[in-house]
$ cat run13.txt   # compact mmCIF, C-alpha atoms
# COMPACT_ATOMS: atom_id res chain seq x y z
CA MET X 1 11.88 -9.99 -52.98
CA SER X 2 12.62 -7.39 -55.56
CA SER X 3 12.28 -7.65 -59.28
CA GLY X 4 16.06 -7.75 -59.42
CA ARG X 5 15.82 -11.18 -57.82
CA ASP X 6 13.58 -12.31 -60.68
CA ASP X 7 16.25 -11.26 -63.12
CA GLY X 8 18.80 -13.17 -61.15
CA MET X 9 16.60 -16.24 -61.16
CA SER X 10 16.14 -15.93 -64.86
CA ASP X 11 19.86 -15.90 -65.26
CA GLU X 12 20.27 -18.89 -63.03
CA ARG X 13 17.59 -20.88 -64.76
CA GLU X 14 20.11 -23.40 -65.90
CA GLU X 15 20.46 -24.58 -62.26
CA PRO X 16 17.12 -24.02 -60.58
CA GLU X 17 17.85 -26.62 -57.91
CA ASN X 18 20.35 -24.27 -56.36
CA THR X 19 17.68 -21.76 -55.49
CA ALA X 20 14.90 -24.09 -54.44
CA PRO X 21 16.08 -27.65 -54.00
CA GLY X 22 13.38 -30.27 -54.08
CA SER X 23 10.48 -27.89 -54.27
CA THR X 24 10.05 -27.29 -58.01
CA ASP X 25 8.53 -30.50 -59.17
CA GLY X 26 7.44 -29.18 -62.49
CA ALA X 27 10.86 -27.64 -63.21
CA THR X 28 13.12 -28.93 -65.91
CA PRO X 29 16.66 -28.49 -64.77
CA GLY X 30 18.82 -28.66 -67.84
CA SER X 31 15.86 -29.85 -69.84
CA THR X 32 16.65 -30.86 -73.37
CA ASP X 33 13.24 -31.62 -74.77
CA GLY X 34 11.33 -28.75 -73.06
CA THR X 35 11.00 -26.29 -75.89
CA THR X 36 9.28 -23.56 -73.96
CA PRO X 37 12.17 -22.54 -71.73
CA HIS X 38 14.46 -22.24 -74.74
CA GLU X 39 11.98 -20.02 -76.48
CA HIS X 40 11.56 -17.96 -73.39
CA ARG X 41 15.25 -17.65 -72.94
CA ALA X 42 15.74 -16.54 -76.51
CA HIS X 43 12.90 -14.11 -76.10
CA GLU X 44 14.30 -12.72 -72.86
CA HIS X 45 17.73 -12.21 -74.32
CA ALA X 46 16.22 -10.15 -77.08
CA ALA X 47 13.56 -8.24 -75.13
CA PRO X 48 13.08 -7.03 -71.52
CA PRO X 49 12.76 -10.06 -69.19
CA VAL X 50 9.30 -11.60 -68.76
CA THR X 51 8.11 -11.61 -65.16
CA GLY X 52 6.28 -14.51 -63.53
CA ARG X 53 3.10 -12.54 -63.42
CA GLN X 54 3.18 -11.95 -67.16
CA ARG X 55 3.76 -15.66 -67.72
CA LEU X 56 0.81 -16.50 -65.55
CA VAL X 57 -1.45 -14.12 -67.45
CA ALA X 58 -0.15 -15.40 -70.75
CA GLY X 59 -0.85 -18.98 -69.66
CA LEU X 60 -4.38 -18.13 -68.59
CA TRP X 61 -5.48 -15.96 -71.51
CA PRO X 62 -6.04 -16.51 -74.34
CA PRO X 63 -6.81 -20.23 -73.91
CA ARG X 64 -4.49 -22.30 -76.04
CA LEU X 65 -4.99 -25.93 -76.86
CA SER X 66 -1.47 -27.13 -76.45
CA ARG X 67 -0.20 -30.53 -75.36
CA ALA X 68 1.06 -29.18 -72.06
CA GLN X 69 -2.25 -27.51 -71.28
CA LEU X 70 -4.16 -30.71 -72.06
CA THR X 71 -1.89 -32.91 -69.98
CA VAL X 72 -2.07 -30.59 -67.02
CA ALA X 73 -5.82 -30.33 -67.48
CA VAL X 74 -6.17 -34.11 -67.29
CA LEU X 75 -4.04 -34.31 -64.14
CA LEU X 76 -5.85 -31.42 -62.52
CA PHE X 77 -9.14 -33.09 -63.42
CA VAL X 78 -7.96 -36.16 -61.52
CA LEU X 79 -6.90 -33.98 -58.60
CA GLY X 80 -10.23 -32.17 -58.53
CA LEU X 81 -12.06 -35.47 -58.68
CA GLY X 82 -10.10 -36.90 -55.77
CA LEU X 83 -10.51 -33.69 -53.81
CA ALA X 84 -14.26 -33.63 -54.32
CA ILE X 85 -14.66 -37.31 -53.49
CA GLN X 86 -12.60 -36.98 -50.35
CA VAL X 87 -14.36 -33.83 -49.21
CA SER X 88 -17.81 -35.22 -49.83
CA SER X 89 -17.03 -38.54 -48.17
CA THR X 90 -15.52 -36.75 -45.18
CA SER X 91 -18.43 -34.37 -44.83
CA ASP X 92 -20.95 -37.19 -45.03
CA SER X 93 -22.73 -37.47 -41.72
CA GLY X 94 -22.31 -41.23 -41.62
CA GLY X 95 -18.92 -40.98 -43.26
CA ALA X 96 -17.12 -40.29 -40.01
CA LEU X 97 -16.03 -43.89 -40.02
CA ARG X 98 -15.46 -44.17 -43.76
CA GLY X 99 -12.09 -42.47 -43.77
CA ALA X 100 -11.03 -43.93 -40.45
CA ARG X 101 -8.01 -46.17 -40.32
CA LYS X 102 -8.16 -49.80 -39.40
CA GLU X 103 -6.69 -49.42 -35.93
CA ASP X 104 -8.98 -46.47 -35.22
CA LEU X 105 -11.92 -48.59 -36.23
CA VAL X 106 -10.73 -51.37 -33.96
CA ARG X 107 -10.40 -48.90 -31.11
CA ILE X 108 -13.87 -47.47 -31.75
CA LEU X 109 -15.28 -50.98 -31.91
CA THR X 110 -13.62 -51.90 -28.63
CA GLU X 111 -14.98 -48.80 -26.98
CA LEU X 112 -18.44 -49.59 -28.25
CA ASP X 113 -18.12 -53.15 -26.99
CA ASN X 114 -17.10 -51.89 -23.56
CA ARG X 115 -19.98 -49.47 -23.54
CA THR X 116 -22.40 -52.21 -24.54
CA GLN X 117 -21.01 -54.38 -21.79
CA ARG X 118 -21.48 -51.64 -19.22
CA LEU X 119 -25.01 -50.95 -20.36
CA GLU X 120 -25.83 -54.67 -20.34
CA ASP X 121 -24.57 -54.90 -16.77
CA GLU X 122 -26.65 -51.93 -15.79
CA LYS X 123 -29.69 -53.42 -17.49
CA ARG X 124 -29.21 -56.72 -15.72
CA GLY X 125 -28.91 -54.99 -12.36
CA LEU X 126 -32.03 -52.95 -12.97
CA GLU X 127 -33.96 -56.01 -14.08
CA SER X 128 -33.05 -57.99 -11.00
CA GLN X 129 -33.99 -54.98 -8.90
CA ARG X 130 -37.32 -54.81 -10.67
CA SER X 131 -38.09 -58.50 -10.15
CA GLU X 132 -37.08 -58.11 -6.51
CA LEU X 133 -39.46 -55.21 -6.11
CA GLU X 134 -42.22 -57.13 -7.87
CA THR X 135 -41.73 -60.14 -5.60
CA SER X 136 -41.66 -58.02 -2.49
CA SER X 137 -44.70 -56.05 -3.55
CA ASN X 138 -46.47 -59.34 -4.27
CA GLN X 139 -45.53 -60.49 -0.80
CA ALA X 140 -46.73 -57.22 0.65
CA ALA X 141 -50.03 -57.53 -1.22
CA GLU X 142 -50.44 -61.09 0.00
CA ALA X 143 -49.66 -60.06 3.55
CA LEU X 144 -52.14 -57.22 3.25
CA LYS X 145 -54.81 -59.60 1.99
CA GLN X 146 -54.20 -62.01 4.85
CA THR X 147 -54.22 -59.18 7.33
CA GLN X 148 -57.49 -57.90 5.98
CA ALA X 149 -59.03 -61.37 6.17
CA LYS X 150 -57.78 -61.70 9.73
CA ALA X 151 -59.19 -58.29 10.57
CA GLN X 152 -62.56 -59.40 9.20
CA GLN X 153 -62.55 -62.55 11.32
CA LEU X 154 -61.55 -60.63 14.42
CA GLY X 155 -64.12 -57.98 13.58
CA VAL X 156 -66.85 -60.63 13.58
CA LEU X 157 -65.67 -61.86 16.97
CA ALA X 158 -65.33 -58.36 18.38
CA GLY X 159 -68.68 -57.29 16.97
CA THR X 160 -67.31 -54.39 14.99
CA VAL X 161 -68.48 -55.74 11.63
CA ALA X 162 -71.77 -57.22 10.50
CA ALA X 163 -71.96 -60.94 9.85
CA GLN X 164 -74.26 -63.25 7.97
CA GLY X 165 -74.60 -66.96 7.45
CA PRO X 166 -76.70 -70.00 8.35
CA GLY X 167 -78.01 -70.23 11.86
CA ILE X 168 -81.10 -70.13 14.01
CA THR X 169 -83.45 -67.62 15.48
CA LEU X 170 -84.48 -68.24 19.08
CA THR X 171 -87.46 -66.27 20.31
CA ILE X 172 -88.21 -66.28 24.04
CA THR X 173 -91.60 -64.95 25.02
CA ASP X 174 -92.02 -64.42 28.75
CA PRO X 175 -95.40 -62.89 29.65
CA LYS X 176 -95.01 -63.72 33.38
CA GLY X 177 -91.61 -62.12 33.73
CA GLY X 178 -90.03 -65.28 35.10
CA VAL X 179 -87.01 -65.23 32.87
CA GLU X 180 -84.15 -63.51 34.61
CA ALA X 181 -80.64 -62.57 33.72
CA ASP X 182 -79.14 -65.88 34.77
CA SER X 183 -81.51 -67.78 32.45
CA LEU X 184 -80.44 -65.63 29.53
CA LEU X 185 -76.81 -66.13 30.46
CA ASP X 186 -77.36 -69.89 30.55
CA THR X 187 -78.95 -69.73 27.12
CA LEU X 188 -76.05 -67.72 25.79
CA GLN X 189 -73.48 -70.11 27.22
CA GLU X 190 -75.33 -73.05 25.71
CA LEU X 191 -75.29 -71.40 22.32
CA ARG X 192 -71.57 -70.59 22.62
CA ALA X 193 -70.82 -74.16 23.64
CA ALA X 194 -72.71 -75.36 20.57
CA GLY X 195 -70.44 -73.32 18.32
CA ALA X 196 -72.27 -70.06 17.82
CA GLU X 197 -70.02 -67.58 16.03
CA ALA X 198 -72.02 -64.35 16.08
CA ILE X 199 -74.94 -63.58 18.33
CA GLN X 200 -77.32 -60.68 18.57
CA ILE X 201 -80.04 -60.32 21.19
CA ASN X 202 -82.70 -57.93 19.93
CA ASP X 203 -80.46 -55.04 18.87
CA VAL X 204 -77.49 -55.71 21.11
CA ARG X 205 -74.46 -57.50 19.70
CA VAL X 206 -73.19 -60.14 22.06
CA VAL X 207 -69.42 -60.24 22.49
CA ALA X 208 -66.91 -61.63 24.95
CA ASP X 209 -67.52 -59.05 27.67
CA THR X 210 -71.30 -58.97 27.37
CA TYR X 211 -72.99 -58.98 30.74
CA PHE X 212 -76.58 -59.38 31.94
CA THR X 213 -77.97 -57.43 34.87
CA GLU X 214 -81.34 -57.18 36.53
CA GLY X 215 -82.90 -53.79 36.13
CA ALA X 216 -85.88 -52.30 37.84
CA ASP X 217 -88.33 -53.53 35.19
CA GLY X 218 -86.48 -56.15 33.23
CA VAL X 219 -83.12 -57.42 32.09
CA LEU X 220 -80.29 -55.12 30.96
CA ILE X 221 -77.76 -56.41 28.49
CA ASP X 222 -74.54 -54.40 28.55
CA GLY X 223 -76.51 -51.70 30.26
CA HIS X 224 -79.16 -51.53 27.54
CA LYS X 225 -82.77 -52.16 28.35
CA VAL X 226 -84.01 -55.06 26.30
CA ALA X 227 -87.71 -55.43 25.74
CA GLN X 228 -89.56 -58.71 25.42
CA PRO X 229 -89.69 -60.94 23.52
CA TYR X 230 -86.00 -61.75 23.54
CA GLU X 231 -84.95 -62.62 20.00
CA PHE X 232 -81.59 -64.34 19.63
CA LYS X 233 -80.11 -64.25 16.15
CA VAL X 234 -77.34 -66.82 16.12
CA ILE X 235 -74.94 -67.69 13.30
CA GLY X 236 -73.52 -71.17 13.47
CA ASN X 237 -74.26 -74.68 12.32
CA PRO X 238 -78.09 -75.07 12.69
CA GLN X 239 -77.73 -78.86 13.08
CA ASP X 240 -75.62 -78.27 16.17
CA LEU X 241 -77.40 -75.28 17.61
CA GLU X 242 -80.99 -76.52 17.57
CA PRO X 243 -80.40 -79.87 19.33
CA ALA X 244 -78.19 -78.13 21.87
CA LEU X 245 -81.18 -76.03 22.91
CA ASN X 246 -83.73 -78.83 22.72
CA ILE X 247 -81.93 -81.57 24.66
CA PRO X 248 -83.90 -82.88 27.68
CA GLY X 249 -83.19 -80.70 30.66
CA GLY X 250 -81.75 -78.12 28.34
CA VAL X 251 -82.46 -74.47 27.77
CA VAL X 252 -85.91 -74.83 26.24
CA GLN X 253 -87.23 -77.11 29.00
CA THR X 254 -85.78 -74.88 31.68
CA LEU X 255 -87.46 -71.83 30.16
CA GLU X 256 -90.76 -73.65 29.87
CA LYS X 257 -90.55 -74.35 33.59
CA GLU X 258 -90.43 -70.58 34.07
CA GLN X 259 -93.72 -70.26 32.13
CA ALA X 260 -91.96 -68.89 29.11
CA THR X 261 -92.05 -70.17 25.56
CA ALA X 262 -89.00 -70.64 23.36
CA ASP X 263 -89.22 -71.01 19.58
CA VAL X 264 -86.27 -72.17 17.57
CA VAL X 265 -86.34 -71.57 13.82
CA ARG X 266 -83.57 -72.71 11.51
CA SER X 267 -82.55 -70.45 8.69
CA GLN X 268 -80.01 -70.54 5.92
CA LYS X 269 -79.44 -66.82 6.17
CA ILE X 270 -79.17 -65.05 9.47
CA VAL X 271 -77.95 -61.46 9.41
CA VAL X 272 -76.29 -60.16 12.55
CA SER X 273 -76.22 -56.45 11.87
CA ALA X 274 -75.93 -54.88 15.32
CA LEU X 275 -72.46 -53.39 15.79
CA ARG X 276 -70.21 -52.35 18.61
CA PRO X 277 -67.72 -49.55 18.43
CA SER X 278 -64.15 -50.78 18.34
CA LYS X 279 -62.34 -49.88 21.51
CA GLN X 280 -58.73 -48.93 21.53
CA PRO X 281 -57.13 -50.40 24.63
CA ASP X 282 -55.50 -47.83 26.84
CA TYR X 283 -52.59 -49.93 28.10
CA ALA X 284 -52.42 -53.21 26.23
CA ARG X 285 -50.40 -53.16 23.02
CA SER X 286 -49.91 -55.87 20.47
CA SER X 287 -46.78 -57.80 21.37
CA SER X 288 -46.19 -59.02 17.84
CA GLN X 289 -43.71 -56.84 16.00
CA MET H 1 -6.75 -21.77 -68.90
CA ILE H 2 -7.66 -25.26 -70.03
CA ALA H 3 -5.79 -26.63 -67.01
CA VAL H 4 -7.89 -24.51 -64.64
CA LEU H 5 -11.00 -25.65 -66.46
CA GLY H 6 -9.88 -29.24 -65.94
CA LEU H 7 -9.63 -28.67 -62.16
CA VAL H 8 -13.07 -27.07 -62.02
CA VAL H 9 -14.64 -29.83 -64.11
CA GLY H 10 -13.00 -32.46 -61.90
CA VAL H 11 -14.43 -30.91 -58.72
CA VAL H 12 -17.89 -30.57 -60.28
CA VAL H 13 -17.89 -34.14 -61.58
CA GLY H 14 -16.72 -35.47 -58.23
CA LEU H 15 -19.46 -33.60 -56.38
CA VAL H 16 -22.22 -34.47 -58.84
CA VAL H 17 -21.42 -38.09 -59.63
CA ARG H 18 -20.23 -39.03 -56.13
CA PRO H 19 -18.40 -42.13 -57.29
CA VAL H 20 -17.97 -44.92 -54.78
CA VAL H 21 -14.34 -45.36 -53.83
CA PRO H 22 -13.25 -48.96 -53.37
CA THR H 23 -12.57 -49.64 -49.71
CA GLY H 24 -9.05 -50.80 -50.49
CA VAL H 25 -8.12 -47.41 -51.93
CA GLU H 26 -10.00 -45.30 -49.39
CA PRO H 27 -7.23 -44.74 -46.82
CA TYR H 28 -4.79 -43.59 -49.52
CA LEU H 29 -7.05 -41.05 -51.21
CA PRO H 30 -6.49 -38.14 -48.80
CA ILE H 31 -2.71 -38.60 -48.86
CA ALA H 32 -2.75 -38.92 -52.65
CA VAL H 33 -4.76 -35.71 -52.91
CA VAL H 34 -2.28 -33.84 -50.72
CA ALA H 35 0.63 -35.21 -52.76
CA ALA H 36 -1.05 -34.15 -55.99
CA LEU H 37 -1.65 -30.70 -54.52
CA ASP H 38 2.07 -30.48 -53.78
CA ALA H 39 2.89 -31.42 -57.39
CA VAL H 40 0.44 -28.81 -58.69
CA PHE H 41 1.97 -26.07 -56.56
CA GLY H 42 5.42 -27.10 -57.71
CA GLY H 43 4.29 -26.98 -61.31
CA LEU H 44 2.72 -23.56 -60.83
CA ARG H 45 5.93 -22.25 -59.37
CA ALA H 46 7.92 -23.72 -62.25
CA MET H 47 5.60 -22.05 -64.69
CA LEU H 48 6.08 -18.71 -63.00
CA ASP H 49 9.81 -19.32 -63.09
CA GLY H 50 9.48 -20.04 -66.79
CA ILE H 51 10.90 -23.52 -66.53
CA PHE H 52 7.68 -25.49 -66.71
CA ASP H 53 7.70 -28.75 -68.63
CA ASP H 54 4.60 -30.89 -68.95
CA LYS H 55 6.50 -34.17 -69.02
CA VAL H 56 8.25 -33.40 -65.76
CA PHE H 57 4.95 -32.28 -64.28
CA VAL H 58 3.23 -35.53 -65.24
CA VAL H 59 6.03 -37.65 -63.85
CA SER H 60 6.27 -35.66 -60.62
CA PHE H 61 2.49 -35.68 -60.17
CA LEU H 62 2.17 -39.42 -60.63
CA SER H 63 5.28 -40.31 -58.63
CA ASN H 64 4.20 -38.02 -55.80
CA VAL H 65 0.84 -39.74 -55.59
CA VAL H 66 2.29 -43.23 -55.90
CA VAL H 67 5.05 -42.66 -53.36
CA ALA H 68 2.68 -41.07 -50.85
CA ALA H 69 0.24 -43.95 -51.17
CA LEU H 70 3.11 -46.42 -50.95
CA ILE H 71 4.40 -44.87 -47.74
CA VAL H 72 0.98 -45.02 -46.17
CA PHE H 73 0.52 -48.59 -47.37
CA LEU H 74 3.87 -49.58 -45.93
CA GLY H 75 3.08 -47.78 -42.69
CA ASP H 76 -0.19 -49.67 -42.43
CA LYS H 77 1.65 -52.94 -42.91
CA LEU H 78 4.22 -51.97 -40.29
CA GLY H 79 1.58 -50.81 -37.83
CA VAL H 80 2.68 -47.17 -37.88
CA GLY H 81 0.28 -46.05 -40.59
CA ALA H 82 -1.18 -43.17 -38.61
CA GLN H 83 2.22 -41.75 -37.70
CA LEU H 84 3.66 -42.19 -41.19
CA SER H 85 0.70 -40.55 -42.89
CA THR H 86 1.04 -37.67 -40.45
CA GLY H 87 4.69 -37.41 -41.42
CA VAL H 88 3.87 -37.45 -45.13
CA VAL H 89 1.28 -34.74 -44.67
CA VAL H 90 3.73 -32.61 -42.69
CA VAL H 91 6.47 -32.92 -45.31
CA LEU H 92 4.10 -32.22 -48.19
CA GLY H 93 2.62 -29.31 -46.26
CA ILE H 94 6.07 -27.75 -45.80
CA ARG H 95 6.77 -28.12 -49.53
CA ILE H 96 3.41 -26.63 -50.43
CA PHE H 97 4.13 -23.66 -48.19
CA SER H 98 7.57 -23.02 -49.65
CA ASN H 99 6.20 -23.29 -53.20
CA ALA H 100 3.34 -21.00 -52.28
CA ALA H 101 5.87 -18.50 -50.94
CA ALA H 102 7.77 -18.55 -54.24
CA ILE H 103 4.53 -18.14 -56.19
CA ARG H 104 3.58 -15.26 -53.96
CA ARG H 105 6.84 -13.50 -54.66
CA HIS H 106 6.24 -13.82 -58.36
CA VAL H 107 2.64 -12.68 -58.34
CA PHE H 108 2.71 -9.96 -55.70
CA ARG H 109 6.43 -9.13 -55.85
CA ALA H 110 6.55 -9.37 -52.08

$ encode --input "run13.txt" --output "structure tokens"
Amino acid sequence: MSSGRDDGMSDEREEPENTAPGSTDGATPGSTDGTTPHEHRAHEHAAPPVTGRQRLVAGLWPPRLSRAQLTVAVLLFVLGLGLAIQVSSTSDSGGALRGARKEDLVRILTELDNRTQRLEDEKRGLESQRSELETSSNQAAEALKQTQAKAQQLGVLAGTVAAQGPGITLTITDPKGGVEADSLLDTLQELRAAGAEAIQINDVRVVADTYFTEGADGVLIDGHKVAQPYEFKVIGNPQDLEPALNIPGGVVQTLEKEQATADVVRSQKIVVSALRPSKQPDYARSSSQ
Amino acid sequence: MIAVLGLVVGVVVGLVVRPVVPTGVEPYLPIAVVAALDAVFGGLRAMLDGIFDDKVFVVSFLSNVVVAALIVFLGDKLGVGAQLSTGVVVVLGIRIFSNAAAIRRHVFRA
């Protein structure tokens, strides 16, 4: 826009709404009480027209304490205040929700509720999973314990672990050599019938497949040469074991007929410490599971 | 000059004091600020045109703010508050731009 346009606008100042309708809020179309425009107009008619830039500079400097300046200052103060408040409240970190509208807040709240719901569901699922795992691991531990106890019992029977407990010690001394394998087998069967749980003869552990054979110079148990005297360490109830050996016509009397002596001593602690290696069967497999 | 000083003092006071805005007024403050900005640009243009009048400026400033807040209030009551405040901001923005263009022509002659 040229400066000629400014002159034209100055001429048309009586009807400023024609040039810029609705956009000059501070304008005074046909103002009667605004003294300044009249002065300006008189001034312009006399002298070269005053441009907008000159008016701006004249308004800024020198500072004048006029009513218009004060009024505008008060309003601009209010504007600056509102601007600063709004900017600072918007730039607050926690103020993201301060300026939010009611429906936005409702939406945000609903979203948060949904999120909480989802997280609660997830938490519940994880908790039930955890309790499940705890229960199952408890069951597994219990099963392991029972299995270990079972393995111990079977180990005692199979002779792969040492055993201790109350029982008796039977010592057979046979200086004449009259005690043969069948006598020892009879003794063993008598002890088993009386409830012996773990038996050791000298340093050989007696198990289910123990066998007695006659060797060239004595008895072999499971192929091992066993020297005299034969010492049976037997774990079981002493009150059952001792009478079982001592009954009339029983093991002790039979051995005495063979010119051998048999001593039975009760004890509260018999240790059966001879072991057998555990054998893995070649063909038989556990049918459970 | 005093008017510019008033604006600066207002900004400084607002930043330093950080007054607490009542929650009832809070949603209307941004719209009111934009409306006031529009009035200020209009007044600046009028001054450059040489037709500035403080009485008209005061009335336009206050009515701008009140009407903008009223529209937003009404929109909130009608359930279209977000859309109406957007509309108010758009209209005021257009006016601010056209006023700024007029001011620019005065100051830079272009």

$ atom_distance --input "run13.txt" --atom1 "atom CA of X:Ala163" --atom2 "atom CA of X:Asp240"
18.8 Å

$ closest_residue --input "run13.txt" --among "X:Ser91, X:Ser273, X:Gln253, X:Thr71" --to "chain H" --atoms "all atoms listed in the file"
X:Thr71

$ residues_around --input "run13.txt" --residues "H:Val33" --least-positions-apart "6" --cutoff "12 Å" --atoms "all atoms listed in the file" --output "list in words"
Leu75, Leu76, Phe77, Val78, Leu79, Gly80, Leu81, Gly82, Leu83, Ala84, Ile85, Gln86 and Val87 of chain X; Glu26, Pro27, Ala39, Val40, Phe61, Leu62, Asn64, Val65, Val66, Ala68, Ala69, Val88, Val89, Leu92 and Gly93 of chain H

$ residues_around --input "run13.txt" --residues "stretch 84-87 of chain H" --least-positions-apart "5" --cutoff "12 Å" --atoms "all atoms listed in the file" --output "list in words"
Arg101 of chain X; Pro27, Tyr28, Leu29, Pro30, Ile31, Ala32, Val34, Ala35, Val67, Ala68, Ala69, Leu70, Ile71, Val72, Phe73, Leu74, Gly75, Asp76, Lys77, Leu78, Gly79, Leu92, Gly93 and Ile94 of chain H

$ closest_atom_pairs --input "run13.txt" --of "chain H" --to "chain X" --cutoff "7 Å" --atoms "only C-alpha atoms" --output "JSON lines"
{"residue": "H:Met1", "atom": "CA", "partner": "X:Leu60", "partner_atom": "CA", "distance": 4.4}
{"residue": "H:Ile2", "atom": "CA", "partner": "X:Ala73", "partner_atom": "CA", "distance": 6.0}
{"residue": "H:Ala3", "atom": "CA", "partner": "X:Ala73", "partner_atom": "CA", "distance": 3.7}
{"residue": "H:Val4", "atom": "CA", "partner": "X:Ala73", "partner_atom": "CA", "distance": 6.8}
{"residue": "H:Gly6", "atom": "CA", "partner": "X:Ala73", "partner_atom": "CA", "distance": 4.5}
{"residue": "H:Leu7", "atom": "CA", "partner": "X:Phe77", "partner_atom": "CA", "distance": 4.6}
{"residue": "H:Val8", "atom": "CA", "partner": "X:Gly80", "partner_atom": "CA", "distance": 6.8}
{"residue": "H:Val9", "atom": "CA", "partner": "X:Phe77", "partner_atom": "CA", "distance": 6.4}
{"residue": "H:Gly10", "atom": "CA", "partner": "X:Phe77", "partner_atom": "CA", "distance": 4.2}
{"residue": "H:Val11", "atom": "CA", "partner": "X:Gly80", "partner_atom": "CA", "distance": 4.4}
{"residue": "H:Val13", "atom": "CA", "partner": "X:Leu81", "partner_atom": "CA", "distance": 6.6}
{"residue": "H:Gly14", "atom": "CA", "partner": "X:Leu81", "partner_atom": "CA", "distance": 4.7}
{"residue": "H:Leu15", "atom": "CA", "partner": "X:Ala84", "partner_atom": "CA", "distance": 5.6}
{"residue": "H:Arg18", "atom": "CA", "partner": "X:Ile85", "partner_atom": "CA", "distance": 6.4}
{"residue": "H:Glu26", "atom": "CA", "partner": "X:Gly99", "partner_atom": "CA", "distance": 6.6}
{"residue": "H:Pro27", "atom": "CA", "partner": "X:Gly99", "partner_atom": "CA", "distance": 6.2}
{"residue": "H:Leu29", "atom": "CA", "partner": "X:Gly82", "partner_atom": "CA", "distance": 6.9}
{"residue": "H:Pro30", "atom": "CA", "partner": "X:Gln86", "partner_atom": "CA", "distance": 6.4}
{"residue": "H:Val33", "atom": "CA", "partner": "X:Leu83", "partner_atom": "CA", "distance": 6.2}
{"residue": "H:Ala36", "atom": "CA", "partner": "X:Leu79", "partner_atom": "CA", "distance": 6.4}
{"residue": "H:Ala39", "atom": "CA", "partner": "X:Asp25", "partner_atom": "CA", "distance": 6.0}
{"residue": "H:Gly42", "atom": "CA", "partner": "X:Thr24", "partner_atom": "CA", "distance": 4.6}
{"residue": "H:Gly43", "atom": "CA", "partner": "X:Gly26", "partner_atom": "CA", "distance": 4.0}
{"residue": "H:Arg45", "atom": "CA", "partner": "X:Thr24", "partner_atom": "CA", "distance": 6.7}
{"residue": "H:Ala46", "atom": "CA", "partner": "X:Ala27", "partner_atom": "CA", "distance": 5.0}
{"residue": "H:Leu48", "atom": "CA", "partner": "X:Gly52", "partner_atom": "CA", "distance": 4.2}
{"residue": "H:Asp49", "atom": "CA", "partner": "X:Gly52", "partner_atom": "CA", "distance": 6.0}
{"residue": "H:Gly50", "atom": "CA", "partner": "X:Pro37", "partner_atom": "CA", "distance": 6.2}
{"residue": "H:Ile51", "atom": "CA", "partner": "X:Ala27", "partner_atom": "CA", "distance": 5.3}
{"residue": "H:Phe52", "atom": "CA", "partner": "X:Ala27", "partner_atom": "CA", "distance": 5.2}
{"residue": "H:Asp53", "atom": "CA", "partner": "X:Gly34", "partner_atom": "CA", "distance": 5.7}
{"residue": "H:Asp54", "atom": "CA", "partner": "X:Ala68", "partner_atom": "CA", "distance": 5.0}
{"residue": "H:Val56", "atom": "CA", "partner": "X:Gly26", "partner_atom": "CA", "distance": 5.4}
{"residue": "H:Phe57", "atom": "CA", "partner": "X:Gly26", "partner_atom": "CA", "distance": 4.4}
{"residue": "H:Ser60", "atom": "CA", "partner": "X:Asp25", "partner_atom": "CA", "distance": 5.8}
{"residue": "H:Arg95", "atom": "CA", "partner": "X:Ser23", "partner_atom": "CA", "distance": 6.0}
{"residue": "H:Asn99", "atom": "CA", "partner": "X:Ser23", "partner_atom": "CA", "distance": 6.4}
{"residue": "H:Arg105", "atom": "CA", "partner": "X:Met1", "partner_atom": "CA", "distance": 6.4}
{"residue": "H:His106", "atom": "CA", "partner": "X:Gly52", "partner_atom": "CA", "distance": 5.2}
{"residue": "H:Val107", "atom": "CA", "partner": "X:Arg53", "partner_atom": "CA", "distance": 5.1}
{"residue": "H:Arg109", "atom": "CA", "partner": "X:Met1", "partner_atom": "CA", "distance": 6.2}
{"residue": "H:Ala110", "atom": "CA", "partner": "X:Met1", "partner_atom": "CA", "distance": 5.4}

$ closest_residue --input "run13.txt" --among "X:Ala162, X:Lys269, X:Leu157, X:Glu120" --to "X:Asp209" --atoms "all atoms listed in the file"
X:Leu157

$ atom_distance --input "run13.txt" --atom1 "atom CA of X:Arg285" --atom2 "atom CA of X:Gln146"
20.6 Å

$ residues_around --input "run13.txt" --residues "X:Ala181" --least-positions-apart "2" --cutoff "9 Å" --atoms "only C-alpha atoms" --output "PyMOL selection string"
chain X and resi 179+183-186+211-214+218-221

$ closest_residue --input "run13.txt" --among "X:Ala227, X:Leu154, X:Val271, X:Val207" --to "X:Thr169" --atoms "only C-alpha atoms"
X:Val271

$ atom_distance --input "run13.txt" --atom1 "atom CA of X:Ser278" --atom2 "atom CA of X:Ala208"
13.0 Å

$ residues_around --input "run13.txt" --residues "X:Asp174" --least-positions-apart "3" --cutoff "9 Å" --atoms "only C-alpha atoms" --output "PyMOL selection string"
chain X and resi 177-179+228-230+255+258-262
